[in-house]
Amino acid sequence: MWLIIFAVLTAIAGYGLWQLFVKAGRKGWEAIVPFYSQYIQAKLTGRPTWWVILLLVPIVNIFVFYNLYLDFIHCFGKRRFWENAAAVVVPFIVLPMWAKDNNVRFLNGLYAKNLKAATQEGLELTAEKRAEIEQESYQEYKIKYPYKKSMVREWADAIVFATVAASLIRGFLIEAYMIPTGSMERTLLIGDFLFVSKLNYGPRVPNTPIAFPFAHHTMPITGGKAYSELIELPYKRLPGFQKIERNDVVVFNFPAGDTVALENQNASYYDLVRAYGWQTVNSQFTIQARPIDKRENYIKRCVGLPGDKIAMKDAKLFINDQPGFDPPESQLDYMVLTDGTPLNMDRLRELRIEAVGSDQQPGLYQLFMTKDELALVKSWSNVKEIRRSPVGEGAYPYDPQYKWNFDNFGPILIPKKGWTVALNTQTLPIYERAIRVYENNKLEKRADGIYINDVKADSYTFKMDYFWMMGDNRHNSLDSRGWGFVPEDHIVGKALFTWMSWDEIGSGLSKIRWNRIFKGIH
């Protein structure tokens with residue numbers, strides 16, 4: 001329903017902009033073609049047309065887009081603050097209204113007047129001549145109707161409106177993300193830029209509404225918190241038009257990111273504690289707690305839904321005792337031994353095979369490969385042996401009675417809202433964090449039993465739904481096998497499609513992966 005409403009309002013706004021383009025002497029369809037629309041706006045308003053290139057630059061593109069858009073609106077005499085604000089916040093109301101108003105004319109009618117004069121003079125109205133008349137009309141308009149705002153004020157207004165509009169869009173509609181790691185290879189590649197919909201599962205009301213625009217949790221350049229905890233709102237999600245479905249690719253806040261060691265954020269705080277001990281970690285690092293919406297954003301595939309039974313057996317996923325999702329291009333971890341000559345790293349890079357050489361043993365490499373790539377590498381003349389890399393011990397819940405690893409664990413039942421679990425020595429390690437941290441209960445183990453909020457309890461009924469997230473690159477993914485369940489209040493949105501993709505080709509150079517532009521994510 002929300003998506004339908006959004007689509008209808010967008011179509012109405014697009015119709016209004018179409019009609020305004022017609023009033024400006026342009027083709028209506030030019031208004032709805034991305035980039036080309038902004039190119040025409042730059043021409044009509046006397047802005048440098050090369051600004052269109054800046055629309056490819058994240059963050060900068062937002063300000064350039066709204067500067068061109070508001071300049072175009074100004075050409076119809078709509079220069080007051082409330083008119084600019086309305087054009088940004090409620091374009092579906094004001095754009096069609098201005099388009100239908102005969103008193104609202106492009107450049108106050110100067111362009112139409114000059115166009116008519118050129119026609120009466122018998123001049124041929126070629127594209128070049130129209131462009132010349134556009135620029136002359138714009139210059140005449142600026143002289144006849146001088147704009148009282150300075151350029152600084154112009155840009156200030158554009159920045160304010162862009163910030164407000166972008167914050168609303170990012171928070172409640174759609175947001176752009178970039179893939180920094182290979183945990184979802186080959187579904188998503190390092191360097192993919194994608195759009196994530198907040199509408200599908202319902203947009204969350206921000207937990208920390210006071211925040212620096214466009215920064216997540218840390219201030220750019222200066223460091224420090226980019227948000228204030230002066231106001232903290234409880235979890236609330238607006239209605240979405242679908243529930244999370246099994247195998248959706250989902251963006252969520254990192255559940256184990258509630259606490260971070262600021263000087264070593266490449267590792268989870270809890271991994272550091274397990275490795276070095278609580279005392280060492282807390283004495284050597286600056287420890288900071290983060291609210292849910294300011295934890296790191298992760299993207300994985302939702303392989304387990306609330307109420308599912310999940311397990312891994314020899315790297316094979318099972319859901320409710322049935323084979324689970326097996327990525328068609330899933331990669332596993334292999335040790336490759338050569339005859340002493342090095343592998344062709346350029347060829348590996350072309351194949352997108354991640355390779356790590358051994359410092360201790362020349363000719364030994366760790367490669368993450370699909371089945372087809374495994375067969376190819378086996379055929380290389382200098383490859384002597386390939387074997388699966390051993391999988392180390394340790395997986396959620398990191399309890400001595402559960403000797404699990406990332407390839408073999410479970411079965412585990414994923415909590416579902418309203419589900420009651422019996423609390424005992426077997427279940428407590430698995431569900432303690434959800435009860436204590438995610439659902440904010442005081443949980444204690446005393447000599448005579450388990451106490452929740454100072455009341456003795458032998459069971460617990462969950463208040464939220466939980467999910468199990470895993471990367472498609474099963475041997476190179478930090479996911480639920482490492483930190484357990486993902487609560488519903490951590491869900492950010494659904495990955496829709498890639499809008500840009502950059503491929504590192506070595507020597508600091510990159511190229512665009514044209515075959516991934518506007519590719520859907522499945």
# chains A, B, ... in the order shown; residues from 1 in each chain; ligands from 1
>>> closest_atom_pairs(of="segment 348-394 of chain A", to="segment 318-339 of chain A", cutoff="9 Å", atoms="only C-alpha atoms", output="tab-separated table")
residue	atom	partner	partner_atom	distance
A:Pro362	CA	A:Thr338	CA	8.6
A:Gly363	CA	A:Thr338	CA	5.0
A:Leu364	CA	A:Leu337	CA	4.6
A:Tyr365	CA	A:Val336	CA	5.1
A:Gln366	CA	A:Met335	CA	4.7
A:Leu367	CA	A:Tyr334	CA	5.3
A:Phe368	CA	A:Asp333	CA	4.6
A:Met369	CA	A:Gln331	CA	4.6
A:Thr370	CA	A:Gln331	CA	4.4
A:Lys371	CA	A:Gln331	CA	7.5
A:Asp372	CA	A:Glu329	CA	8.7
A:Leu374	CA	A:Tyr334	CA	8.7
A:Val377	CA	A:Val336	CA	8.9
A:Lys378	CA	A:Val336	CA	8.9
A:Ser381	CA	A:Thr338	CA	8.8
A:Asn382	CA	A:Thr338	CA	5.3
A:Val383	CA	A:Thr338	CA	4.3
A:Lys384	CA	A:Thr338	CA	5.1
A:Glu385	CA	A:Leu337	CA	5.2
A:Ile386	CA	A:Val336	CA	4.6
A:Arg387	CA	A:Met335	CA	5.4
A:Arg388	CA	A:Tyr334	CA	4.4
A:Ser389	CA	A:Tyr334	CA	4.9
A:Pro390	CA	A:Asp333	CA	8.5
A:Val391	CA	A:Asp333	CA	8.9
>>> select_by_dssp(residues="segment 166-214 of chain A", states="strand (DSSP E or B)", output="PyMOL selection string")
chain A and resi 174-178+192-197+204+211
>>> write_last_selection(atoms="C-alpha atoms", output="mmCIF file, in the first residue's frame")
data_model
loop_
_atom_site.group_PDB
_atom_site.id
_atom_site.type_symbol
_atom_site.label_atom_id
_atom_site.label_comp_id
_atom_site.auth_asym_id
_atom_site.auth_seq_id
_atom_site.Cartn_x
_atom_site.Cartn_y
_atom_site.Cartn_z
ATOM 1 C CA ILE A 174 15.086 4.403 -0.259
ATOM 2 C CA GLU A 175 18.813 4.598 0.457
ATOM 3 C CA ALA A 176 21.987 3.931 -1.497
ATOM 4 C CA TYR A 177 24.694 1.585 -0.191
ATOM 5 C CA MET A 178 28.051 0.324 -1.418
ATOM 6 C CA ASP A 192 28.500 -2.594 -6.345
ATOM 7 C CA PHE A 193 26.336 0.414 -5.483
ATOM 8 C CA LEU A 194 22.771 -0.566 -4.730
ATOM 9 C CA PHE A 195 19.434 0.872 -3.725
ATOM 10 C CA VAL A 196 17.720 -0.495 -0.627
ATOM 11 C CA SER A 197 14.001 0.005 -0.113
ATOM 12 C CA ARG A 204 11.626 2.479 10.999
ATOM 13 C CA ALA A 211 21.984 13.344 13.979
#
>>> residues_around(residues="Phe285 of chain A", least_positions_apart="5", cutoff="7 Å", atoms="only C-alpha atoms", output="PyMOL selection string")
chain A and resi 261-263
>>> residues_around(residues="segment 156-172 of chain A", least_positions_apart="2", cutoff="10 Å", atoms="only C-alpha atoms", output="count of residues only")
42
>>> residues_around(residues="segment 468-473 of chain A", least_positions_apart="5", cutoff="8 Å", atoms="only C-alpha atoms", output="ChimeraX atom specification")
/A:182-187,299-305,327,330-332,414,478-481,484-486
>>> select_by_dssp(residues="segment 228-417 of chain A", states="helix (DSSP H, G or I)", output="PyMOL selection string")
chain A and resi 255-258+269-276+278-284+292-294+345-350+371-378
>>> atom_distance(atom1="atom CA of Glu136 of chain A", atom2="atom CA of Phe35 of chain A")
23.9 Å
>>> closest_residue(among="A:Met464, A:Gly191, A:Leu428, A:Pro397", to="Ile512 of chain A", atoms="only C-alpha atoms")
A:Gly191
>>> closest_residue(among="A:Val250, A:Asp258, A:His490, A:Tyr276", to="Arg237 of chain A", atoms="only C-alpha atoms")
A:His490
>>> closest_residue(among="A:Pro239, A:Asn297, A:Gly25, A:Phe252", to="Ile179 of chain A", atoms="only C-alpha atoms")
A:Asn297
>>> residues_around(residues="segment 30-34 of chain A", least_positions_apart="3", cutoff="7 Å", atoms="only C-alpha atoms", output="PyMOL selection string")
chain A and resi 14+17-18+21+27+37
>>> atom_distance(atom1="atom CA of Arg513 of chain A", atom2="atom CA of Ser501 of chain A")
5.4 Å
>>> closest_residue(among="A:Val104, A:Pro96, A:Lys113, A:Asp308", to="Arg246 of chain A", atoms="only C-alpha atoms")
A:Asp308
>>> residues_around(residues="Tyr270 of chain A", least_positions_apart="4", cutoff="12 Å", atoms="only C-alpha atoms", output="PDB file with all heavy atoms, in the first residue's frame")
ATOM      1  N   PRO A 255      23.908  -6.886  14.742  1.00  0.00           N
ATOM      2  CA  PRO A 255      23.423  -7.116  16.108  1.00  0.00           C
ATOM      3  C   PRO A 255      24.521  -7.053  17.168  1.00  0.00           C
ATOM      4  O   PRO A 255      24.278  -6.568  18.279  1.00  0.00           O
ATOM      5  CB  PRO A 255      22.812  -8.523  16.033  1.00  0.00           C
ATOM      6  CG  PRO A 255      22.475  -8.724  14.606  1.00  0.00           C
ATOM      7  CD  PRO A 255      23.537  -7.991  13.845  1.00  0.00           C
ATOM      8  N   ALA A 256      25.719  -7.559  16.831  1.00  0.00           N
ATOM      9  CA  ALA A 256      26.818  -7.537  17.803  1.00  0.00           C
ATOM     10  C   ALA A 256      27.526  -6.193  17.830  1.00  0.00           C
ATOM     11  O   ALA A 256      28.561  -6.046  18.481  1.00  0.00           O
ATOM     12  CB  ALA A 256      27.812  -8.649  17.488  1.00  0.00           C
ATOM     13  N   GLY A 257      26.965  -5.205  17.129  1.00  0.00           N
ATOM     14  CA  GLY A 257      27.569  -3.876  17.095  1.00  0.00           C
ATOM     15  C   GLY A 257      27.050  -2.953  18.175  1.00  0.00           C
ATOM     16  O   GLY A 257      27.265  -1.741  18.110  1.00  0.00           O
ATOM     17  N   ASP A 258      26.372  -3.504  19.176  1.00  0.00           N
ATOM     18  CA  ASP A 258      25.875  -2.658  20.267  1.00  0.00           C
ATOM     19  C   ASP A 258      27.021  -2.088  21.096  1.00  0.00           C
ATOM     20  O   ASP A 258      26.882  -1.051  21.737  1.00  0.00           O
ATOM     21  CB  ASP A 258      24.913  -3.440  21.165  1.00  0.00           C
ATOM     22  CG  ASP A 258      25.561  -4.684  21.760  1.00  0.00           C
ATOM     23  OD1 ASP A 258      26.415  -5.294  21.096  1.00  0.00           O
ATOM     24  OD2 ASP A 258      25.199  -5.061  22.888  1.00  0.00           O
ATOM     25  N   THR A 259      28.174  -2.779  21.067  1.00  0.00           N
ATOM     26  CA  THR A 259      29.362  -2.320  21.770  1.00  0.00           C
ATOM     27  C   THR A 259      30.537  -2.407  20.812  1.00  0.00           C
ATOM     28  O   THR A 259      30.685  -3.396  20.095  1.00  0.00           O
ATOM     29  CB  THR A 259      29.636  -3.195  23.008  1.00  0.00           C
ATOM     30  OG1 THR A 259      28.450  -3.250  23.811  1.00  0.00           O
ATOM     31  CG2 THR A 259      30.768  -2.629  23.846  1.00  0.00           C
ATOM     32  N   VAL A 260      31.370  -1.363  20.771  1.00  0.00           N
ATOM     33  CA  VAL A 260      32.509  -1.361  19.856  1.00  0.00           C
ATOM     34  C   VAL A 260      33.766  -0.902  20.582  1.00  0.00           C
ATOM     35  O   VAL A 260      33.712  -0.091  21.515  1.00  0.00           O
ATOM     36  CB  VAL A 260      32.261  -0.437  18.638  1.00  0.00           C
ATOM     37  CG1 VAL A 260      31.170  -0.984  17.748  1.00  0.00           C
ATOM     38  CG2 VAL A 260      31.937   0.973  19.073  1.00  0.00           C
ATOM     39  N   ALA A 261      34.904  -1.445  20.152  1.00  0.00           N
ATOM     40  CA  ALA A 261      36.216  -0.959  20.574  1.00  0.00           C
ATOM     41  C   ALA A 261      36.670   0.014  19.488  1.00  0.00           C
ATOM     42  O   ALA A 261      36.990  -0.404  18.372  1.00  0.00           O
ATOM     43  CB  ALA A 261      37.188  -2.122  20.727  1.00  0.00           C
ATOM     44  N   ASN A 264      39.728  -0.524  17.285  1.00  0.00           N
ATOM     45  CA  ASN A 264      39.815  -1.771  16.514  1.00  0.00           C
ATOM     46  C   ASN A 264      38.416  -2.218  16.118  1.00  0.00           C
ATOM     47  O   ASN A 264      37.873  -3.183  16.647  1.00  0.00           O
ATOM     48  CB  ASN A 264      40.513  -2.864  17.326  1.00  0.00           C
ATOM     49  CG  ASN A 264      40.813  -4.103  16.490  1.00  0.00           C
ATOM     50  OD1 ASN A 264      40.478  -4.170  15.314  1.00  0.00           O
ATOM     51  ND2 ASN A 264      41.444  -5.093  17.104  1.00  0.00           N
ATOM     52  N   GLN A 265      37.824  -1.491  15.150  1.00  0.00           N
ATOM     53  CA  GLN A 265      36.458  -1.793  14.760  1.00  0.00           C
ATOM     54  C   GLN A 265      36.382  -2.822  13.634  1.00  0.00           C
ATOM     55  O   GLN A 265      35.295  -3.176  13.181  1.00  0.00           O
ATOM     56  CB  GLN A 265      35.748  -0.503  14.335  1.00  0.00           C
ATOM     57  CG  GLN A 265      35.600   0.484  15.485  1.00  0.00           C
ATOM     58  CD  GLN A 265      34.756   1.689  15.116  1.00  0.00           C
ATOM     59  OE1 GLN A 265      33.656   1.575  14.593  1.00  0.00           O
ATOM     60  NE2 GLN A 265      35.283   2.882  15.402  1.00  0.00           N
ATOM     61  N   ASN A 266      37.530  -3.305  13.162  1.00  0.00           N
ATOM     62  CA  ASN A 266      37.510  -4.371  12.163  1.00  0.00           C
ATOM     63  C   ASN A 266      37.064  -5.694  12.764  1.00  0.00           C
ATOM     64  O   ASN A 266      36.616  -6.587  12.053  1.00  0.00           O
ATOM     65  CB  ASN A 266      38.899  -4.533  11.534  1.00  0.00           C
ATOM     66  CG  ASN A 266      39.275  -3.349  10.671  1.00  0.00           C
ATOM     67  OD1 ASN A 266      38.409  -2.744  10.045  1.00  0.00           O
ATOM     68  ND2 ASN A 266      40.549  -2.994  10.645  1.00  0.00           N
ATOM     69  N   ARG A 274      36.484 -12.593  23.536  1.00  0.00           N
ATOM     70  CA  ARG A 274      36.748 -14.037  23.548  1.00  0.00           C
ATOM     71  C   ARG A 274      38.227 -14.344  23.320  1.00  0.00           C
ATOM     72  O   ARG A 274      38.767 -15.309  23.858  1.00  0.00           O
ATOM     73  CB  ARG A 274      35.898 -14.734  22.486  1.00  0.00           C
ATOM     74  CG  ARG A 274      34.458 -14.981  22.901  1.00  0.00           C
ATOM     75  CD  ARG A 274      33.721 -15.870  21.913  1.00  0.00           C
ATOM     76  NE  ARG A 274      33.438 -15.171  20.668  1.00  0.00           N
ATOM     77  CZ  ARG A 274      32.339 -14.459  20.445  1.00  0.00           C
ATOM     78  NH1 ARG A 274      31.417 -14.351  21.397  1.00  0.00           N
ATOM     79  NH2 ARG A 274      32.145 -13.847  19.292  1.00  0.00           N
ATOM     80  N   ALA A 275      38.869 -13.504  22.507  1.00  0.00           N
ATOM     81  CA  ALA A 275      40.269 -13.762  22.174  1.00  0.00           C
ATOM     82  C   ALA A 275      41.232 -13.292  23.270  1.00  0.00           C
ATOM     83  O   ALA A 275      42.221 -13.978  23.564  1.00  0.00           O
ATOM     84  CB  ALA A 275      40.620 -13.080  20.851  1.00  0.00           C
ATOM     85  N   TYR A 276      40.952 -12.129  23.868  1.00  0.00           N
ATOM     86  CA  TYR A 276      41.926 -11.526  24.778  1.00  0.00           C
ATOM     87  C   TYR A 276      41.430 -11.350  26.215  1.00  0.00           C
ATOM     88  O   TYR A 276      42.231 -11.026  27.094  1.00  0.00           O
ATOM     89  CB  TYR A 276      42.354 -10.152  24.236  1.00  0.00           C
ATOM     90  CG  TYR A 276      42.900 -10.214  22.839  1.00  0.00           C
ATOM     91  CD1 TYR A 276      42.188  -9.686  21.764  1.00  0.00           C
ATOM     92  CD2 TYR A 276      44.129 -10.819  22.575  1.00  0.00           C
ATOM     93  CE1 TYR A 276      42.686  -9.743  20.466  1.00  0.00           C
ATOM     94  CE2 TYR A 276      44.630 -10.889  21.274  1.00  0.00           C
ATOM     95  CZ  TYR A 276      43.901 -10.355  20.234  1.00  0.00           C
ATOM     96  OH  TYR A 276      44.389 -10.429  18.958  1.00  0.00           O
ATOM     97  N   GLY A 277      40.143 -11.548  26.447  1.00  0.00           N
ATOM     98  CA  GLY A 277      39.608 -11.372  27.783  1.00  0.00           C
ATOM     99  C   GLY A 277      39.025  -9.989  27.983  1.00  0.00           C
ATOM    100  O   GLY A 277      39.497  -9.000  27.394  1.00  0.00           O
ATOM    101  N   TRP A 278      37.994  -9.923  28.812  1.00  0.00           N
ATOM    102  CA  TRP A 278      37.276  -8.659  29.027  1.00  0.00           C
ATOM    103  C   TRP A 278      38.185  -7.578  29.599  1.00  0.00           C
ATOM    104  O   TRP A 278      38.170  -6.430  29.157  1.00  0.00           O
ATOM    105  CB  TRP A 278      36.101  -8.904  29.973  1.00  0.00           C
ATOM    106  CG  TRP A 278      35.233  -7.700  30.189  1.00  0.00           C
ATOM    107  CD1 TRP A 278      34.146  -7.336  29.464  1.00  0.00           C
ATOM    108  CD2 TRP A 278      35.404  -6.672  31.186  1.00  0.00           C
ATOM    109  NE1 TRP A 278      33.617  -6.157  29.936  1.00  0.00           N
ATOM    110  CE2 TRP A 278      34.369  -5.729  31.003  1.00  0.00           C
ATOM    111  CE3 TRP A 278      36.327  -6.468  32.209  1.00  0.00           C
ATOM    112  CZ2 TRP A 278      34.246  -4.596  31.803  1.00  0.00           C
ATOM    113  CZ3 TRP A 278      36.194  -5.330  33.005  1.00  0.00           C
ATOM    114  CH2 TRP A 278      35.161  -4.412  32.803  1.00  0.00           C
ATOM    115  N   VAL A 281      40.691  -6.138  26.920  1.00  0.00           N
ATOM    116  CA  VAL A 281      40.029  -5.330  25.893  1.00  0.00           C
ATOM    117  C   VAL A 281      39.562  -3.998  26.464  1.00  0.00           C
ATOM    118  O   VAL A 281      39.776  -2.932  25.862  1.00  0.00           O
ATOM    119  CB  VAL A 281      38.842  -6.097  25.280  1.00  0.00           C
ATOM    120  CG1 VAL A 281      38.043  -5.197  24.340  1.00  0.00           C
ATOM    121  CG2 VAL A 281      39.331  -7.323  24.521  1.00  0.00           C
ATOM    122  N   ASN A 282      38.952  -4.019  27.633  1.00  0.00           N
ATOM    123  CA  ASN A 282      38.406  -2.791  28.211  1.00  0.00           C
ATOM    124  C   ASN A 282      39.479  -1.862  28.761  1.00  0.00           C
ATOM    125  O   ASN A 282      39.214  -0.666  28.946  1.00  0.00           O
ATOM    126  CB  ASN A 282      37.388  -3.125  29.295  1.00  0.00           C
ATOM    127  CG  ASN A 282      36.037  -3.514  28.720  1.00  0.00           C
ATOM    128  OD1 ASN A 282      35.131  -2.697  28.607  1.00  0.00           O
ATOM    129  ND2 ASN A 282      35.907  -4.768  28.325  1.00  0.00           N
ATOM    130  N   ILE A 287      35.867   1.937  24.741  1.00  0.00           N
ATOM    131  CA  ILE A 287      34.645   1.155  24.508  1.00  0.00           C
ATOM    132  C   ILE A 287      33.448   2.102  24.421  1.00  0.00           C
ATOM    133  O   ILE A 287      33.282   2.981  25.264  1.00  0.00           O
ATOM    134  CB  ILE A 287      34.427   0.117  25.624  1.00  0.00           C
ATOM    135  CG1 ILE A 287      35.676  -0.748  25.802  1.00  0.00           C
ATOM    136  CG2 ILE A 287      33.217  -0.749  25.309  1.00  0.00           C
ATOM    137  CD1 ILE A 287      36.134  -1.461  24.541  1.00  0.00           C
ATOM    138  N   TYR A 396      28.550 -19.470  16.939  1.00  0.00           N
ATOM    139  CA  TYR A 396      27.521 -19.110  17.915  1.00  0.00           C
ATOM    140  C   TYR A 396      26.893 -20.388  18.477  1.00  0.00           C
ATOM    141  O   TYR A 396      26.646 -21.321  17.722  1.00  0.00           O
ATOM    142  CB  TYR A 396      26.451 -18.251  17.230  1.00  0.00           C
ATOM    143  CG  TYR A 396      25.366 -17.769  18.155  1.00  0.00           C
ATOM    144  CD1 TYR A 396      25.575 -16.662  18.956  1.00  0.00           C
ATOM    145  CD2 TYR A 396      24.152 -18.447  18.232  1.00  0.00           C
ATOM    146  CE1 TYR A 396      24.570 -16.234  19.814  1.00  0.00           C
ATOM    147  CE2 TYR A 396      23.158 -18.018  19.085  1.00  0.00           C
ATOM    148  CZ  TYR A 396      23.364 -16.914  19.882  1.00  0.00           C
ATOM    149  OH  TYR A 396      22.385 -16.485  20.733  1.00  0.00           O
ATOM    150  N   PRO A 397      26.696 -20.507  19.815  1.00  0.00           N
ATOM    151  CA  PRO A 397      26.783 -19.474  20.855  1.00  0.00           C
ATOM    152  C   PRO A 397      28.102 -19.470  21.637  1.00  0.00           C
ATOM    153  O   PRO A 397      28.147 -18.901  22.725  1.00  0.00           O
ATOM    154  CB  PRO A 397      25.629 -19.850  21.774  1.00  0.00           C
ATOM    155  CG  PRO A 397      25.600 -21.342  21.722  1.00  0.00           C
ATOM    156  CD  PRO A 397      25.981 -21.708  20.312  1.00  0.00           C
ATOM    157  N   TYR A 398      29.153 -20.101  21.102  1.00  0.00           N
ATOM    158  CA  TYR A 398      30.458 -20.110  21.748  1.00  0.00           C
ATOM    159  C   TYR A 398      30.372 -20.626  23.188  1.00  0.00           C
ATOM    160  O   TYR A 398      30.842 -19.991  24.125  1.00  0.00           O
ATOM    161  CB  TYR A 398      31.097 -18.711  21.727  1.00  0.00           C
ATOM    162  CG  TYR A 398      31.280 -18.171  20.336  1.00  0.00           C
ATOM    163  CD1 TYR A 398      30.367 -17.266  19.803  1.00  0.00           C
ATOM    164  CD2 TYR A 398      32.343 -18.581  19.541  1.00  0.00           C
ATOM    165  CE1 TYR A 398      30.520 -16.768  18.508  1.00  0.00           C
ATOM    166  CE2 TYR A 398      32.506 -18.085  18.249  1.00  0.00           C
ATOM    167  CZ  TYR A 398      31.588 -17.191  17.741  1.00  0.00           C
ATOM    168  OH  TYR A 398      31.748 -16.709  16.477  1.00  0.00           O
ATOM    169  N   ARG A 433      21.267 -13.971  24.954  1.00  0.00           N
ATOM    170  CA  ARG A 433      21.517 -12.632  24.411  1.00  0.00           C
ATOM    171  C   ARG A 433      20.230 -11.995  23.890  1.00  0.00           C
ATOM    172  O   ARG A 433      19.997 -10.796  24.098  1.00  0.00           O
ATOM    173  CB  ARG A 433      22.564 -12.693  23.305  1.00  0.00           C
ATOM    174  CG  ARG A 433      22.867 -11.334  22.710  1.00  0.00           C
ATOM    175  CD  ARG A 433      24.069 -11.358  21.775  1.00  0.00           C
ATOM    176  NE  ARG A 433      24.238 -10.085  21.113  1.00  0.00           N
ATOM    177  CZ  ARG A 433      24.809  -9.019  21.645  1.00  0.00           C
ATOM    178  NH1 ARG A 433      25.284  -9.078  22.885  1.00  0.00           N
ATOM    179  NH2 ARG A 433      24.920  -7.890  20.968  1.00  0.00           N
ATOM    180  N   GLY A 482      28.247 -16.490  13.326  1.00  0.00           N
ATOM    181  CA  GLY A 482      29.192 -15.881  14.245  1.00  0.00           C
ATOM    182  C   GLY A 482      28.551 -15.110  15.376  1.00  0.00           C
ATOM    183  O   GLY A 482      29.146 -14.980  16.449  1.00  0.00           O
ATOM    184  N   TRP A 483      27.315 -14.584  15.181  1.00  0.00           N
ATOM    185  CA  TRP A 483      26.713 -13.770  16.233  1.00  0.00           C
ATOM    186  C   TRP A 483      25.227 -14.042  16.454  1.00  0.00           C
ATOM    187  O   TRP A 483      24.580 -13.363  17.237  1.00  0.00           O
ATOM    188  CB  TRP A 483      26.920 -12.287  15.970  1.00  0.00           C
ATOM    189  CG  TRP A 483      27.057 -11.884  14.543  1.00  0.00           C
ATOM    190  CD1 TRP A 483      28.209 -11.585  13.898  1.00  0.00           C
ATOM    191  CD2 TRP A 483      26.020 -11.728  13.561  1.00  0.00           C
ATOM    192  NE1 TRP A 483      27.957 -11.251  12.586  1.00  0.00           N
ATOM    193  CE2 TRP A 483      26.627 -11.324  12.349  1.00  0.00           C
ATOM    194  CE3 TRP A 483      24.633 -11.901  13.585  1.00  0.00           C
ATOM    195  CZ2 TRP A 483      25.915 -11.086  11.176  1.00  0.00           C
ATOM    196  CZ3 TRP A 483      23.922 -11.665  12.428  1.00  0.00           C
ATOM    197  CH2 TRP A 483      24.559 -11.266  11.244  1.00  0.00           C
TER     198      TRP A 483
END
>>> decode(residues="segment 188-192 of chain A", atoms="all heavy atoms", output="mmCIF file, in the first residue's frame")
data_model
loop_
_atom_site.group_PDB
_atom_site.id
_atom_site.type_symbol
_atom_site.label_atom_id
_atom_site.label_comp_id
_atom_site.auth_asym_id
_atom_site.auth_seq_id
_atom_site.Cartn_x
_atom_site.Cartn_y
_atom_site.Cartn_z
ATOM 1 N N LEU A 188 26.431 -10.302 -5.070
ATOM 2 C CA LEU A 188 26.836 -8.903 -5.014
ATOM 3 C C LEU A 188 28.351 -8.851 -5.023
ATOM 4 O O LEU A 188 29.006 -9.657 -4.344
ATOM 5 C CB LEU A 188 26.292 -8.232 -3.750
ATOM 6 C CG LEU A 188 24.763 -8.114 -3.668
ATOM 7 C CD1 LEU A 188 24.342 -7.641 -2.286
ATOM 8 C CD2 LEU A 188 24.243 -7.162 -4.727
ATOM 9 N N LEU A 189 28.913 -7.901 -5.763
ATOM 10 C CA LEU A 189 30.349 -7.809 -5.916
ATOM 11 C C LEU A 189 30.892 -6.595 -5.181
ATOM 12 O O LEU A 189 30.189 -5.588 -5.013
ATOM 13 C CB LEU A 189 30.720 -7.711 -7.401
ATOM 14 C CG LEU A 189 30.145 -8.785 -8.327
ATOM 15 C CD1 LEU A 189 30.641 -8.553 -9.751
ATOM 16 C CD2 LEU A 189 30.518 -10.183 -7.853
ATOM 17 N N ILE A 190 32.140 -6.698 -4.746
ATOM 18 C CA ILE A 190 32.797 -5.535 -4.160
ATOM 19 C C ILE A 190 32.778 -4.405 -5.195
ATOM 20 O O ILE A 190 33.160 -4.597 -6.338
ATOM 21 C CB ILE A 190 34.243 -5.870 -3.762
ATOM 22 C CG1 ILE A 190 34.264 -6.927 -2.647
ATOM 23 C CG2 ILE A 190 34.977 -4.617 -3.303
ATOM 24 C CD1 ILE A 190 35.654 -7.421 -2.307
ATOM 25 N N GLY A 191 32.321 -3.237 -4.778
ATOM 26 C CA GLY A 191 32.224 -2.113 -5.703
ATOM 27 C C GLY A 191 30.834 -1.910 -6.276
ATOM 28 O O GLY A 191 30.607 -0.957 -7.016
ATOM 29 N N ASP A 192 29.887 -2.795 -5.935
ATOM 30 C CA ASP A 192 28.500 -2.594 -6.345
ATOM 31 C C ASP A 192 27.876 -1.475 -5.514
ATOM 32 O O ASP A 192 28.042 -1.431 -4.293
ATOM 33 C CB ASP A 192 27.679 -3.867 -6.146
ATOM 34 C CG ASP A 192 27.829 -4.860 -7.286
ATOM 35 O OD1 ASP A 192 28.466 -4.510 -8.289
ATOM 36 O OD2 ASP A 192 27.311 -5.982 -7.147
#
